[in-house]
Every structure is written in structure tokens, then in C-alpha cells.
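Below is one structure, written out as C-alpha cells; the observations come after it.
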Amino acid sequence: MMVRNRLLVTALALALAGCGNSKPEGARLTVTVVGDAGRADSLSTRLEAEATQPTLIARDGAGQIVAGLATSWRFVDDGRSLILRLRPVKWSDGKALESNDVVTALRRAATRRESAMAFSGLAGAPAVVAGRAPVTRLGVLAPIPRVVELRLEAASPLLLGWLAQPGLAITRAGKSPATLVAGKSPATLAAYDASGPVENRRLTRRGLIAAPDQRPAEISVTTTANSAAAVTAFARGDTDIVIGEGLAGLGDARTGARPDALRIDPLWGVYGYVTNGLRGPLADPRVRLALALAVDRRALAGRFGINAMVPVEGLLPPSLMAGVARPARMAGVARPAGDGATRSTPTPDQGNGGPAAATGDAAATATPTGADWMRFDITARRAEAQRLLAAAGWSAARPLRLVLLLPPGRDHRSVAESVAAEWAQLGVGLAVSEIGVADIERLVARGEFDLALTEASLPVADAAALLARWRCRAGPHCNAAADALLDAALRAPPEARDALLARAEAALLAGPPMIPLFTSIRWALVARGVGGWVPNRAASHPLARLTVTRRR
């Protein structure tokens with residue numbers, strides 16, 4: 001009898017624990033994001049999506065690819081087909097996940113503009129994404145209930161990284177389940193539910209047990225633009241993690257918290273200034289090249305004293321250039337002088353990547369391109385910048401005056417002041433207009449600007465996707481030759497792709513669509529009681545995978 005009573009009590013306790021009002025077991029994690037929660041692609045939105053929108057492939061806290069809804073995968077047909085086997089899981093309504101669900105979800109994602117880069121290698125994707133073909137043309141198939149096949153135009157080893165992005169989540173609706181009206185949400189595979197206003201979201205793990213008791217059962221994600229207040233709250237122990245969306249707030253983090261709490265992610269991206277290449281003074285490619293040449297990036301990045309902030313001369317960060325061999329720099333290059341004579345151009349800086357490789361008569365008579373000039377020492381580059389501005393009609397009698405759109409923040413302002421001082425040596429004046437990020441994006445979209453800050457980066461080491469930002473019709477810039485090279489690169493086999501990407505970048509640098517400065521970074525403050533946070537270039541730190549012991 002006593003045994004039976006114990007069993008009844010145990011069963012009743014489990015039944016009560018399984019009710020929807022019970023809280024799952026586990027730790028509580030508090031996170032503050034320094035940024036703008038109102039933007040569709042904000043960092044706080046991404047952190048929420050990682051917990052509430054499950055994907056076929058996932059990333060761990062070190063940025064490594066791990067299993068998601070797919071337990072295994074393999075490339076076949078010389079890399080032109082990817083086969084994924086699904087995990088035996090069920091939707092919240094009890095139905096099993098099947099491959100047809102995945103096909104439907106990925107077809108729906110292909111119609112969203114923000115997913116275009118992720119689908120660039122799939123068969124039929126360009127026409128589907130552009131709206132020229134029905135979604136049924138997308139190369140996503142369901143051969144059997146628990147197997148999905150993705151067919152590719154060309155081998156794409158980066159596809160796994162894109163499949164880990166929240167935009168390719170497997171859901172029953174076009175919106176995230178967390179954003180739908182309570183009580184009317186469709187069935188979900190998500191481990192967490194989200195609630196609360198956009199500036200202060202609360203993520204609560206579904207089910208009875210959260211996993212190990214140090215894994216978070218509840219996650220609070222608060223967003224603020226006040227980096228100083230966020231850092232102060234961290235120093236008091238009021239929050240476990242503070243994450244900056246970009247450079248803004250780094251100075252406060254370095255001075256207001258323990259040095260051992262600071263983490264830096266060196267991203268696959270470039271911090272710099274987008275130029276208006278379609279109207280105004282920067283429509284002249286000579287002016288854009290002059291501004292790019294005149295900046296001493298080594299000195300600029302050196303002021304921060306952070307190894308992750310690497311000077312960037314081109315449109316791709318060094319971390320993406322391992323296989324993309326840029327054109328050989330030129331030695332003893334000669335170019336026509338203004339009086340018809342020939343003058344010698346200084347040899348590119350030998351200390352910035354090795355000796356010049358081009359030799360012989362062809363090299364001695366070639367004219368440096370924009371990509372070549374970016375490798376010369378700063379003195380020679382400034383002289384060329386002065387010549388380009390004069391050729392474009394700008395001089396002391398007709399000085400060039402530009403306005404830079406910049407988000408509020410001491411860190412952004414410090415960089416802008418340094419760049420302005422260097423341009424002033426050329427007679428170029430730079431005024432700064434500090435406005436919100438959403439306002440900057442709106443003005444850039446309308447083409448009503450000269451220069452605007454960009455910290456854009458990618459969660460995948462995809463050089464083609466980063467260069468695709470500068471395609472015609474993608475913004476206030478257009479280089480048809482570069483577009484053609486990018487198209488060729490996407491169709492080419494992997495072994496031929498890098499050379500085409502290098503040529504595309506060189507074509508763009510003839511009149512750069514942005515003034516590159518240094519690699520984009522993301523900073524964070526992480527409490528001693530939080531485990532599992534490893535800096536990585538994908539800036540992947542899924543909050544649900546962290547552990548919390550509360551020891552600060």
C-alpha cells in the first residue's frame with residue numbers, strides 16, 4: 001500500500017509539473033544588448049531567433065557547425081547535392097517532423113529578401129528569389145519522409161553555414177512563433193517561447209526540464225542604447241552578459257569593467273564608410289579612390305590597441321582572403337606624367353605583405369589600378385590622391401565638402417575625427433551628422449547622403465556574399481564588370497572561384513563603393529559565472545547553450 005501511495009504521489013507531482021504554468025528547471029541568464037532593438041536585423045532579434053527558430057544545422061558557442069534538426073549530412077554528386085537526415089522530433093501538436101515540412105519552410109524563406117544570400121548556390125534560387133519563377137523551382141526535395149535533398153548549381157561547401165542562420169528556420173508559419181498572438185501560434189519545434197516588449201524580451205524554455213540544471217531555463221534580453229549604463233550594471237552584478245552590436249560602447253567596456261571580462265569577436269566584415277556612387281561629388285570614381293588612398297589604416301587601427309581590429313585596404317577582411325589571392329603588386333611601375341613625360345611611381349610598401357612580384361617590361365609600363373594603389377606606402381598614396389582630386393576638379397579654390405552619417409557614440413566619433421584629419425591634408429572637409437541607425441539606412445536607401453557608416457558582417461566566411469553587397473541595384477553604386485565576375489564566380493567550381501572573386505574585388509576598387517578602414521568587431525562583457533562563451537568570427541554565442549553558475 002505504501003509503495004502504491006508513493007507511486008500515486010509521484011505521478012501527481014509529475015502531472016502538476018507538466019502543466020503549462022510550471023517553470024522549467026534550470027538557471028536564469030540575464031543579457032543586455034547595446035544597440036537598437038527596433039531594427040529587423042538587430043542583434044537582440046538574432047539572439048531570440050537562435051532560441052525560438054530551430055534550423056537544420058546549428059552552431060555552438062565556438063562558432064562550429066553542429067547538428068540541429070538534421071542529425072547527419074553528406075555531399076554527393078561532386079558536391080552538387082546535399083543529403084540531410086532529419087532528427088526524429090515532433091511538433092508541439094504531436095505530429096512528427098517530415099521532409100515535406102522542411103521543403104515548405106525553405107520555399108517560404110526563399111521569398112524573403114533577407115534570405116537571398118543564403119540561397120545563392122541552390123538550383124533555381126536566383127529566379128525564385130527575384131520573383132521570376134515559382135517556389136516549386138527551388139532545388140529542395142523530399143525523397144522520403146526523413147530525408148531532405150538540396151540540389152546546387154555548383155559545389156558550395158559554405159552552404160552548411162548558411163543553413164544554420166535563423167532566416168532558414170523550420171517553422172509552420174512565415175513569422176517567428178514568438179511574434180504571433182498568444183493562443184493562436186501554430187505548432188512549433190522551438191525549445192523556447194518568447195514574450196514581453198521588443199526592448200525587454202523574456203525567453204522561457206518549453207517542457208518540464210531545461211537540460212542540465214546550469215543551462216538557462218529563463219533568458220532575459222534587454223536592449224539599450226546607453227552603453228555606459230549597461231557596463232555599470234554589469235560591474236554591479238545586475239546582468240550576466242553585455243553585448244555590443246558593433247564598435248559603439250567599446251570604450252566604456254574597456255574602462256568600466258574588469259579586463260578579464262572583455263571578449264572580442266573579429267568578424268567577417270569591414271568597418272568603413274559607404275559612398276554615394278550614383279549622385280553628388282562621390283559619383284566620380286576618382287574622388288572615391290582618392291579618399292580611400294589617403295587614410296593611414298595602420299595608424300588608425302593601432303590607436304585602439306586591439307589585435308582583432310586589423311587594417312583593411314580592400315572590400316574583404318584578411319580572414320576571407322586566405323584563398324582569394326589578390327593581383328600581384330607592382331614593382332617599378334611607371335605612369336604618364338601630366339606633361340607627357342614618364343615618371344617613376346614609388347614601389348609599394350615592401351613591409352605590407354612581402355616583396356613586389358610583377359617584373360619585366362609589362363610591369364614597367366603598366367598603370368596602377370585602384371587595387372594596386374591600395375598597396376603602396378601612405379606617402380605615395382596621398383600624392384596620388386591629391387592628383388586624382390585635382391583631375392576631378394577639386395582644389396583650394398573649389399574645396400570638396402562632405403557629410404558623414406554616423407550613429408551616436410564616442411567610439412564612432414573618434415574614428416571619424418581621425419579620418420577627417422587625414423582628409424583635411426588634401427583640402428577635403430568632413431562634417432559629421434549623428435543620427436539613428438534606422439534614419440541612416442533610410443537616407444542611404446533614398447540616395448540622400450555622401451558617406452555613411454557601415455559595420456556589415458556575415459556569419460559565414462562567404463567572400464562572394466560580402467562582395468554582393470556592392471552589386472548594381474543593391475545600393476547607391478554600380479559596377480557592371482564586377483557584377484559579371486561575381487556571377488561567373490557563383491557558377492564556377494570551387495577551385496576557380498577565388499580567382500574570379502579577386503578580379504571582382506579589383507574591379508570594384510577602381511572606384512571603391514566604400515572607404516574601408518578595419519575589420520568589424522563585436523565586443524562583450526561576460527561574467528565569471530557564465531561558461532561556454534568562446535570568441536569566434538561567426539559571433540555565434542547561442543544563449544541556450546551557455547551555462548550559469550552565478551559566481552561573479
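By convention in this document, the chains of the C-alpha cells carry letters A, B, ... by their order, each chain's residues are numbered from 1, and ligands are numbered from 1 in the order they are shown.
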
**OP:** List every residue of region 370-537 of chain A that DSSP, applied to the backbone of this structure, assigns to strand (DSSP E), and report them as JSON, numbers by chain.
**Re:** {"A": [401, 402, 403, 404, 405, 406, 429, 430, 431, 432, 433, 434, 451, 452, 453, 454, 457, 458, 514, 515, 516, 517, 518, 519, 520, 521, 522, 523, 524, 525, 526, 530, 531]}

**OP:** Would you list the contacts of Val460 (chain A) as a list in words, taking every protein, DNA or RNA residue within 8 Å and counting only C-alpha atoms, but skipping same-chain residues closer than 6 positions in sequence?
**Re:** Leu158, Gly161, Trp162, Trp268 and Ala538 of chain A

Dump as an mmCIF file, in the first residue's frame, selection limited to N, CA and C atoms:
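Dumped to part-v5.cif:
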```cif
data_model
loop_
_atom_site.group_PDB
_atom_site.id
_atom_site.type_symbol
_atom_site.label_atom_id
_atom_site.label_comp_id
_atom_site.auth_asym_id
_atom_site.auth_seq_id
_atom_site.Cartn_x
_atom_site.Cartn_y
_atom_site.Cartn_z
ATOM 1 N N LEU A 158 30.105 26.182 -48.290
ATOM 2 C CA LEU A 158 29.643 27.156 -47.296
ATOM 3 C C LEU A 158 28.155 27.021 -47.001
ATOM 4 N N GLY A 161 26.967 26.468 -43.366
ATOM 5 C CA GLY A 161 26.954 27.651 -42.516
ATOM 6 C C GLY A 161 25.697 28.480 -42.709
ATOM 7 N N TRP A 162 25.258 28.616 -43.964
ATOM 8 C CA TRP A 162 24.040 29.383 -44.225
ATOM 9 C C TRP A 162 22.812 28.669 -43.675
ATOM 10 N N TRP A 268 33.668 38.529 -39.860
ATOM 11 C CA TRP A 268 33.853 38.505 -41.310
ATOM 12 C C TRP A 268 33.145 39.725 -41.884
ATOM 13 N N ALA A 538 32.216 33.979 -36.448
ATOM 14 C CA ALA A 538 30.786 33.944 -36.753
ATOM 15 C C ALA A 538 29.975 34.678 -35.689
#
```

**OP:** Write out as a ChimeraX atom specification the residues lying within 10 Å of region 297-302 of chain A, counting only C-alpha atoms and excluding same-chain residues fewer than 4 positions away.
**Re:** /A:292-293,306-313,378,414-415,418-419,516-519

How would the residues just chosen look if you wrote them out with N, CA, C and O atoms as a PDB file, in the first residue's frame?
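See part.pdb below for the written result:
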```
ATOM      1  N   ALA A 292      39.878  56.883 -50.407  1.00  0.00           N
ATOM      2  CA  ALA A 292      40.316  55.587 -49.888  1.00  0.00           C
ATOM      3  C   ALA A 292      41.832  55.527 -49.740  1.00  0.00           C
ATOM      4  O   ALA A 292      42.359  54.950 -48.785  1.00  0.00           O
ATOM      5  N   LEU A 293      42.545  56.133 -50.697  1.00  0.00           N
ATOM      6  CA  LEU A 293      44.010  56.086 -50.669  1.00  0.00           C
ATOM      7  C   LEU A 293      44.600  56.895 -49.523  1.00  0.00           C
ATOM      8  O   LEU A 293      45.671  56.572 -49.018  1.00  0.00           O
ATOM      9  N   ILE A 306      43.837  46.820 -30.198  1.00  0.00           N
ATOM     10  CA  ILE A 306      43.130  45.535 -30.153  1.00  0.00           C
ATOM     11  C   ILE A 306      43.541  44.725 -31.373  1.00  0.00           C
ATOM     12  O   ILE A 306      43.349  45.161 -32.513  1.00  0.00           O
ATOM     13  N   ASN A 307      44.122  43.563 -31.144  1.00  0.00           N
ATOM     14  CA  ASN A 307      44.649  42.760 -32.250  1.00  0.00           C
ATOM     15  C   ASN A 307      43.584  42.380 -33.268  1.00  0.00           C
ATOM     16  O   ASN A 307      43.877  42.195 -34.455  1.00  0.00           O
ATOM     17  N   ALA A 308      42.335  42.247 -32.816  1.00  0.00           N
ATOM     18  CA  ALA A 308      41.266  41.837 -33.729  1.00  0.00           C
ATOM     19  C   ALA A 308      40.917  42.913 -34.740  1.00  0.00           C
ATOM     20  O   ALA A 308      40.313  42.625 -35.768  1.00  0.00           O
ATOM     21  N   MET A 309      41.287  44.160 -34.472  1.00  0.00           N
ATOM     22  CA  MET A 309      40.988  45.255 -35.390  1.00  0.00           C
ATOM     23  C   MET A 309      42.147  45.384 -36.380  1.00  0.00           C
ATOM     24  O   MET A 309      43.114  46.098 -36.145  1.00  0.00           O
ATOM     25  N   VAL A 310      42.030  44.673 -37.492  1.00  0.00           N
ATOM     26  CA  VAL A 310      43.091  44.606 -38.497  1.00  0.00           C
ATOM     27  C   VAL A 310      42.815  45.612 -39.601  1.00  0.00           C
ATOM     28  O   VAL A 310      41.679  45.716 -40.084  1.00  0.00           O
ATOM     29  N   PRO A 311      43.806  46.400 -40.027  1.00  0.00           N
ATOM     30  CA  PRO A 311      43.587  47.345 -41.135  1.00  0.00           C
ATOM     31  C   PRO A 311      43.111  46.615 -42.381  1.00  0.00           C
ATOM     32  O   PRO A 311      43.594  45.524 -42.703  1.00  0.00           O
ATOM     33  N   VAL A 312      42.171  47.211 -43.098  1.00  0.00           N
ATOM     34  CA  VAL A 312      41.621  46.613 -44.316  1.00  0.00           C
ATOM     35  C   VAL A 312      41.783  47.596 -45.464  1.00  0.00           C
ATOM     36  O   VAL A 312      41.283  48.716 -45.408  1.00  0.00           O
ATOM     37  N   GLU A 313      42.503  47.172 -46.499  1.00  0.00           N
ATOM     38  CA  GLU A 313      42.740  48.026 -47.664  1.00  0.00           C
ATOM     39  C   GLU A 313      41.700  47.803 -48.764  1.00  0.00           C
ATOM     40  O   GLU A 313      41.487  48.662 -49.606  1.00  0.00           O
ATOM     41  N   ILE A 378      51.928  55.008 -47.642  1.00  0.00           N
ATOM     42  CA  ILE A 378      50.955  56.073 -47.446  1.00  0.00           C
ATOM     43  C   ILE A 378      51.389  57.381 -48.107  1.00  0.00           C
ATOM     44  O   ILE A 378      50.553  58.145 -48.600  1.00  0.00           O
ATOM     45  N   SER A 414      35.330  59.096 -32.628  1.00  0.00           N
ATOM     46  CA  SER A 414      36.787  59.122 -32.564  1.00  0.00           C
ATOM     47  C   SER A 414      37.406  58.683 -33.889  1.00  0.00           C
ATOM     48  O   SER A 414      38.367  59.292 -34.380  1.00  0.00           O
ATOM     49  N   VAL A 415      36.857  57.624 -34.492  1.00  0.00           N
ATOM     50  CA  VAL A 415      37.361  57.157 -35.783  1.00  0.00           C
ATOM     51  C   VAL A 415      37.143  58.228 -36.844  1.00  0.00           C
ATOM     52  O   VAL A 415      38.040  58.533 -37.642  1.00  0.00           O
ATOM     53  N   SER A 418      39.619  61.085 -36.736  1.00  0.00           N
ATOM     54  CA  SER A 418      40.934  60.725 -37.269  1.00  0.00           C
ATOM     55  C   SER A 418      40.932  60.726 -38.795  1.00  0.00           C
ATOM     56  O   SER A 418      41.873  61.222 -39.428  1.00  0.00           O
ATOM     57  N   VAL A 419      39.878  60.190 -39.391  1.00  0.00           N
ATOM     58  CA  VAL A 419      39.779  60.171 -40.854  1.00  0.00           C
ATOM     59  C   VAL A 419      39.655  61.595 -41.379  1.00  0.00           C
ATOM     60  O   VAL A 419      40.293  61.956 -42.379  1.00  0.00           O
ATOM     61  N   PRO A 516      37.059  51.521 -46.954  1.00  0.00           N
ATOM     62  CA  PRO A 516      37.318  50.507 -45.924  1.00  0.00           C
ATOM     63  C   PRO A 516      38.329  51.022 -44.911  1.00  0.00           C
ATOM     64  O   PRO A 516      39.266  51.748 -45.261  1.00  0.00           O
ATOM     65  N   LEU A 517      38.168  50.628 -43.648  1.00  0.00           N
ATOM     66  CA  LEU A 517      39.084  51.089 -42.601  1.00  0.00           C
ATOM     67  C   LEU A 517      39.725  49.916 -41.855  1.00  0.00           C
ATOM     68  O   LEU A 517      40.933  49.765 -41.871  1.00  0.00           O
ATOM     69  N   PHE A 518      38.920  49.073 -41.207  1.00  0.00           N
ATOM     70  CA  PHE A 518      39.474  47.932 -40.465  1.00  0.00           C
ATOM     71  C   PHE A 518      38.389  46.878 -40.319  1.00  0.00           C
ATOM     72  O   PHE A 518      37.221  47.099 -40.681  1.00  0.00           O
ATOM     73  N   THR A 519      38.756  45.717 -39.800  1.00  0.00           N
ATOM     74  CA  THR A 519      37.778  44.637 -39.653  1.00  0.00           C
ATOM     75  C   THR A 519      36.702  45.012 -38.637  1.00  0.00           C
ATOM     76  O   THR A 519      36.976  45.650 -37.619  1.00  0.00           O
TER      77      THR A 519
END
```

Please identify all polymer residues within 10 Å of Glu50 (chain A), counting only C-alpha atoms, omitting same-chain residues fewer than 3 positions from it, and present them as an mmCIF file with C-alpha atoms, in the first residue's frame.
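Once written, selection-v5.cif looks like this:
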```
data_model
loop_
_atom_site.group_PDB
_atom_site.id
_atom_site.type_symbol
_atom_site.label_atom_id
_atom_site.label_comp_id
_atom_site.auth_asym_id
_atom_site.auth_seq_id
_atom_site.Cartn_x
_atom_site.Cartn_y
_atom_site.Cartn_z
ATOM 1 C CA THR A 45 16.379 39.774 -32.655
ATOM 2 C CA ARG A 46 19.047 37.296 -33.729
ATOM 3 C CA LEU A 47 19.665 36.094 -30.169
ATOM 4 C CA GLN A 53 13.581 29.254 -34.558
ATOM 5 C CA PRO A 54 15.253 25.827 -34.961
ATOM 6 C CA THR A 55 17.336 25.194 -38.088
ATOM 7 C CA ALA A 58 23.264 24.802 -35.801
ATOM 8 C CA ARG A 59 26.381 26.438 -34.401
ATOM 9 C CA ALA A 164 22.461 27.485 -39.557
ATOM 10 C CA GLN A 165 21.042 31.002 -39.932
ATOM 11 C CA PRO A 166 17.710 31.800 -38.217
ATOM 12 C CA GLY A 167 16.309 33.102 -41.506
ATOM 13 C CA ALA A 169 14.400 28.191 -39.637
ATOM 14 C CA ALA A 190 11.170 25.623 -30.730
ATOM 15 C CA ALA A 191 12.752 24.913 -27.354
ATOM 16 C CA TYR A 192 11.856 28.397 -26.052
ATOM 17 C CA SER A 540 27.990 32.650 -32.570
ATOM 18 C CA HIS A 541 27.012 32.530 -28.917
ATOM 19 C CA PRO A 542 23.613 30.774 -28.668
ATOM 20 C CA LEU A 543 22.360 31.788 -25.255
ATOM 21 C CA ALA A 544 20.635 28.438 -24.651
#
```

Subject >> All residues 7 Å or closer to region 217-227 of chain A, only C-alpha atoms, same chain fewer than 6 positions away omitted, as a PyMOL selection string >> reply: chain A and resi 24-37+44+199-205+210+249+252

**OP:** Pick out the residues sitting within 9 Å of Arg497 (chain A), and hand them over as a VMD selection string; count only C-alpha atoms, and ignore anything fewer than 6 positions along from it in its own chain.
**Re:** chain A and resid 324 464 488 to 491

Dump of C-alpha atoms for the selected residues, as a PDB file, in the first residue's frame:
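result.pdb, freshly written:
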```pdb
ATOM      1  CA  VAL A 324      41.469  34.775 -52.616  1.00  0.00           C
ATOM      2  CA  ALA A 464      31.093  36.265 -52.664  1.00  0.00           C
ATOM      3  CA  ALA A 488      30.824  33.847 -63.040  1.00  0.00           C
ATOM      4  CA  ALA A 489      32.252  33.069 -59.585  1.00  0.00           C
ATOM      5  CA  LEU A 490      28.933  31.661 -58.343  1.00  0.00           C
ATOM      6  CA  ARG A 491      28.741  29.319 -61.336  1.00  0.00           C
TER       7      ARG A 491
END
```

**OP:** Could you jot down the CA of Pro317 (chain A) to CA of Val444 (chain A) separation for me, Å, one decimal place?
**Re:** 22.9 Å

Original post:
With only C-alpha atoms as the atoms that count, which of A:Trp73, A:Phe119, A:Trp91, A:Phe234 lies nearest to Arg528 (chain A)?
Top reply: A:Phe234

**OP:** Run DSSP on the backbone and give me the residues of region 409-529 of chain A it puts in helix (DSSP H, G or I), as a PyMOL selection string.
**Re:** chain A and resi 410-424+437-446+463-470+480-491+494-508

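Each of A:Gly94, A:Pro407, A:Gly256, A:Pro88 was checked against Ala187 (chain A) using only C-alpha atoms; the smallest atom-to-atom distance is that of A:Gly94.
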